[in-house]
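Okay, start.cif is below, mmCIF, C-alpha atoms:
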```
data_my_file
loop_
_atom_site.label_atom_id
_atom_site.label_comp_id
_atom_site.auth_asym_id
_atom_site.auth_seq_id
_atom_site.Cartn_x
_atom_site.Cartn_y
_atom_site.Cartn_z
CA MET A 268 163.67 107.50 56.37
CA SER A 269 164.65 106.47 59.87
CA ARG A 270 166.31 103.14 60.53
CA ARG A 271 163.62 102.05 63.02
CA THR A 272 160.17 103.65 63.06
CA LEU A 273 157.22 102.92 65.36
CA VAL A 274 153.76 104.02 64.21
CA LEU A 275 151.12 103.96 66.95
CA GLY A 276 147.40 104.67 66.81
CA GLY A 277 143.96 103.60 67.85
CA ALA A 278 141.51 101.50 65.88
CA ARG A 279 140.90 102.87 62.37
CA SER A 280 143.27 105.80 63.02
CA GLY A 281 145.12 105.24 59.74
CA LYS A 282 148.28 103.86 61.36
CA SER A 283 148.74 100.99 58.91
CA ALA A 284 148.16 103.13 55.82
CA HIS A 285 150.56 105.73 57.19
CA ALA A 286 153.23 103.09 57.80
CA GLU A 287 152.70 101.67 54.30
CA GLY A 288 153.20 105.16 52.90
CA LEU A 289 156.67 105.28 54.48
CA ALA A 290 157.83 102.29 52.44
CA PRO A 291 158.83 102.45 48.80
CA ALA A 292 156.88 100.48 46.20
CA ASP A 293 159.80 98.20 45.38
CA PRO A 294 160.87 94.60 46.00
CA SER A 295 163.13 95.52 48.94
CA VAL A 296 160.03 95.65 51.17
CA THR A 297 158.86 92.64 53.15
CA TYR A 298 155.43 93.07 54.71
CA VAL A 299 155.36 91.08 57.94
CA ALA A 300 151.75 90.18 58.72
CA THR A 301 151.34 89.10 62.34
CA ALA A 302 147.58 88.45 62.38
CA ARG A 303 146.30 84.93 62.58
CA ARG A 304 143.65 84.26 59.94
CA ARG A 305 140.20 83.33 61.22
CA GLU A 306 138.09 82.10 58.34
CA ASP A 307 135.01 81.90 60.61
CA ASP A 308 135.25 85.68 61.26
CA THR A 309 134.18 87.52 58.11
CA ASP A 310 134.93 90.97 59.58
CA TRP A 311 138.50 89.94 60.45
CA GLU A 312 139.04 88.42 57.02
CA ALA A 313 137.71 91.62 55.42
CA ARG A 314 140.24 93.67 57.41
CA ILE A 315 143.06 91.40 56.24
CA ALA A 316 141.82 91.67 52.64
CA GLU A 317 141.78 95.47 52.89
CA HIS A 318 145.41 95.49 54.06
CA THR A 319 146.40 93.05 51.31
CA ARG A 320 144.68 95.13 48.62
CA ARG A 321 146.66 98.26 49.56
CA ARG A 322 150.08 96.60 49.23
CA PRO A 323 152.12 96.98 46.06
CA GLU A 324 152.33 93.65 44.23
CA CYS A 325 156.15 93.76 44.32
CA TRP A 326 156.24 93.56 48.13
CA LYS A 327 156.96 90.18 49.62
CA THR A 328 154.59 89.09 52.41
CA VAL A 329 155.56 86.87 55.35
CA GLU A 330 152.95 85.69 57.85
CA THR A 331 154.37 85.05 61.32
CA ALA A 332 151.32 83.25 62.76
CA ASP A 333 152.27 80.03 61.00
CA GLY A 334 155.75 80.94 59.86
CA PRO A 335 159.01 82.32 61.17
CA ALA A 336 159.09 84.12 64.51
CA LEU A 337 159.23 87.90 64.32
CA PRO A 338 162.49 88.20 66.30
CA ASP A 339 164.10 85.72 63.91
CA LEU A 340 162.96 87.72 60.87
CA LEU A 341 164.47 90.87 62.38
CA THR A 342 167.73 89.10 63.17
CA ASP A 343 168.05 87.50 59.73
CA ALA A 344 167.10 90.59 57.69
CA ARG A 345 169.67 92.21 55.40
CA SER A 346 170.69 95.85 55.34
CA ASP A 347 169.11 96.34 51.90
CA GLU A 348 165.67 95.26 53.16
CA LEU A 349 162.82 97.16 54.73
CA LEU A 350 160.55 95.16 57.02
CA LEU A 351 157.08 96.60 57.58
CA VAL A 352 155.61 94.83 60.64
CA ASP A 353 151.83 95.10 60.97
CA ASP A 354 151.18 94.84 63.82
CA LEU A 355 152.63 94.35 67.30
CA ALA A 356 149.24 94.03 69.01
CA THR A 357 148.33 90.93 67.02
CA TRP A 358 151.88 89.60 67.53
CA LEU A 359 151.45 90.06 71.29
CA THR A 360 148.08 88.29 71.19
CA ASP A 361 149.80 85.25 69.70
CA VAL A 362 152.57 85.43 72.33
CA LEU A 363 149.95 85.57 75.12
CA ASP A 364 148.12 82.61 73.54
CA THR A 365 151.32 80.56 73.31
CA ALA A 366 152.19 81.33 76.95
CA ASN A 367 148.64 80.52 78.15
CA ALA A 368 148.80 83.81 80.02
CA TRP A 369 145.23 85.05 79.50
CA ASP A 370 143.65 83.62 82.61
CA GLY A 371 146.20 84.51 85.23
CA GLY A 372 149.01 82.46 83.73
CA GLU A 373 152.66 83.31 84.09
CA THR A 374 153.74 86.41 82.16
CA GLY A 375 157.46 85.59 82.41
CA PRO A 376 157.50 83.86 79.00
CA VAL A 377 155.67 86.85 77.49
CA ARG A 378 158.22 89.31 78.87
CA ALA A 379 161.06 87.05 77.69
CA GLU A 380 159.65 87.09 74.15
CA VAL A 381 159.29 90.90 74.30
CA ASP A 382 162.96 91.06 75.40
CA ARG A 383 163.90 88.83 72.47
CA LEU A 384 161.93 91.06 70.08
CA THR A 385 163.43 94.34 71.30
CA LYS A 386 166.99 92.95 71.21
CA ALA A 387 166.42 91.65 67.67
CA LEU A 388 164.98 95.02 66.61
CA ALA A 389 167.88 96.95 68.12
CA GLY A 390 170.38 94.74 66.31
CA SER A 391 168.58 94.33 63.00
CA ALA A 392 170.52 95.32 59.90
CA ALA A 393 167.28 96.12 58.05
CA ARG A 394 165.27 99.29 58.11
CA VAL A 395 162.12 98.50 60.09
CA VAL A 396 158.70 100.14 60.33
CA LEU A 397 156.48 98.72 63.07
CA VAL A 398 152.78 99.36 63.58
CA SER A 399 151.10 98.98 66.96
CA ALA A 400 147.83 99.83 68.63
CA GLU A 401 147.78 102.44 71.36
CA VAL A 402 145.24 101.06 73.81
CA GLY A 403 146.07 102.88 77.03
CA LEU A 404 144.27 106.17 76.49
CA GLY A 405 141.34 105.87 78.81
CA VAL A 406 139.17 102.78 78.67
CA HIS A 407 139.67 100.56 81.70
CA PRO A 408 139.00 97.00 80.51
CA ALA A 409 136.30 95.19 82.47
CA THR A 410 138.03 91.81 82.43
CA PRO A 411 141.36 90.58 83.77
CA SER A 412 142.39 89.39 80.30
CA GLY A 413 141.56 92.83 78.85
CA ARG A 414 143.68 94.52 81.52
CA LEU A 415 146.48 92.03 80.91
CA PHE A 416 146.47 92.81 77.19
CA ARG A 417 146.36 96.58 77.72
CA ASP A 418 149.19 96.48 80.25
CA GLU A 419 151.44 94.11 78.28
CA LEU A 420 150.88 96.04 75.04
CA GLY A 421 151.72 99.29 76.84
CA ARG A 422 154.96 97.72 78.10
CA LEU A 423 155.75 96.32 74.65
CA ASN A 424 155.14 99.68 72.95
CA ALA A 425 157.38 101.47 75.48
CA ARG A 426 160.19 98.93 75.01
CA VAL A 427 159.99 99.14 71.22
CA ALA A 428 159.85 102.95 71.31
CA GLU A 429 163.12 102.93 73.30
CA VAL A 430 164.99 101.43 70.34
CA CYS A 431 163.22 103.33 67.56
CA ASP A 432 164.62 106.50 66.00
CA THR A 433 161.18 107.80 65.06
CA VAL A 434 157.89 107.36 66.92
CA THR A 435 154.65 108.66 65.40
CA LEU A 436 151.15 108.61 66.92
CA LEU A 437 148.15 108.82 64.60
CA VAL A 438 145.07 110.53 66.01
CA ALA A 439 142.01 110.89 63.78
CA GLY A 440 144.22 110.18 60.77
CA ILE A 441 146.70 112.92 61.67
CA PRO A 442 150.31 111.83 62.31
CA LEU A 443 151.90 113.42 65.36
CA ARG A 444 155.64 112.92 65.54
CA LEU A 445 156.64 112.08 69.11
CA ARG A 446 160.31 111.47 68.35
#
```
Can you present the structure in this file as structure tokens?
Amino acid sequence: MSRRTLVLGGARSGKSAHAEGLAPADPSVTYVATARRREDDTDWEARIAEHTRRRPECWKTVETADGPALPDLLTDARSDELLLVDDLATWLTDVLDTANAWDGGETGPVRAEVDRLTKALAGSAARVVLVSAEVGLGVHPATPSGRLFRDELGRLNARVAEVCDTVTLLVAGIPLRLR
């Protein structure tokens, strides 16, 4: 297994399940969940439950929405650990929220946090598998916030791919190795 792996794909492409399949079913794995829970959204909670159900019970789970920052987890991880980060799109959503960048706010803090993430990833002692959505394949978002998200996620994915040894794109459930 590569030291740093990025798994990209569209909605329901199988990217998370593919990434999970790269990790062993042993206690060395920490599943880093970046999604913020929304108890008023039954569909979202069902998606989270599906991901939780697939994980081996021996994996440790850390939720970054109300816990440690993802760059800090990467920096503090040990060489005998594997961090499975699912996913960067929901992590970026939280970063955009925190920066109040959705409605034309300053993106400098967002880019600074992406820099912090990529530096932490490049220097992490752990093996890392990251999952991210590929959103730039054709739909032009109708709103400024949609375009902001698409553009910032595209930049984030490119920056992360630069420091990953392996990059895989899932299309219709089929993994295509890009690097």
>> Please list as a ChimeraX atom specification every residue within 12 Å of Arg394 in chain A, counting only C-alpha atoms and excluding residues in the same chain fewer than 2 positions away.
In response: /A:268-273,289-291,295-297,341-342,344-352,388-392,396-397,431-433
> Restricting the calculation to all atoms listed in the file, which member of A:Leu415, A:Leu337, A:Ala393, A:Val402 is positioned closest to Gly372 in chain A?
Replying inline: A:Leu415
> What residues come out when you apply the PyMOL selection byres ((chain A and resi 283) around 12) to this file, written as a count of residues only?
Replying inline: 42
>> Evaluated on this file, the PyMOL selection byres ((chain A and resi 418) around 12) picks out some residues - which ones are they, written as a count of residues only?
In response: 26
> Smallest atom-to-atom distance to Val329 in chain A: which of A:Ala302, A:Ala292, A:Leu363, A:Leu443, using all atoms listed in the file?
Replying inline: A:Ala302
> Which is closest to Asp370 in chain A among A:Thr410, A:Val395, A:Leu340, A:Thr331, if we use all atoms listed in the file?
Replying inline: A:Thr410
>> As an exercise, work out the distance from CA of Ala387 in chain A to CA of Gly334 in chain A in Å and give it to one decimal place.
In response: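 Between CA of Ala387 in chain A and CA of Gly334 in chain A the gap works out to 17.0 Å.
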> Quick one, how far is CA of Asp310 in chain A from CA of Glu330 in chain A?
Replying inline: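 Computed distance, CA of Asp310 in chain A to CA of Glu330 in chain A, equals 18.9 Å.
Among the candidates A:Pro376, A:Asp339, A:Thr365, A:Arg446, the residue lying nearest to Glu429 in chain A is A:Arg446 (atoms considered: all atoms listed in the file).
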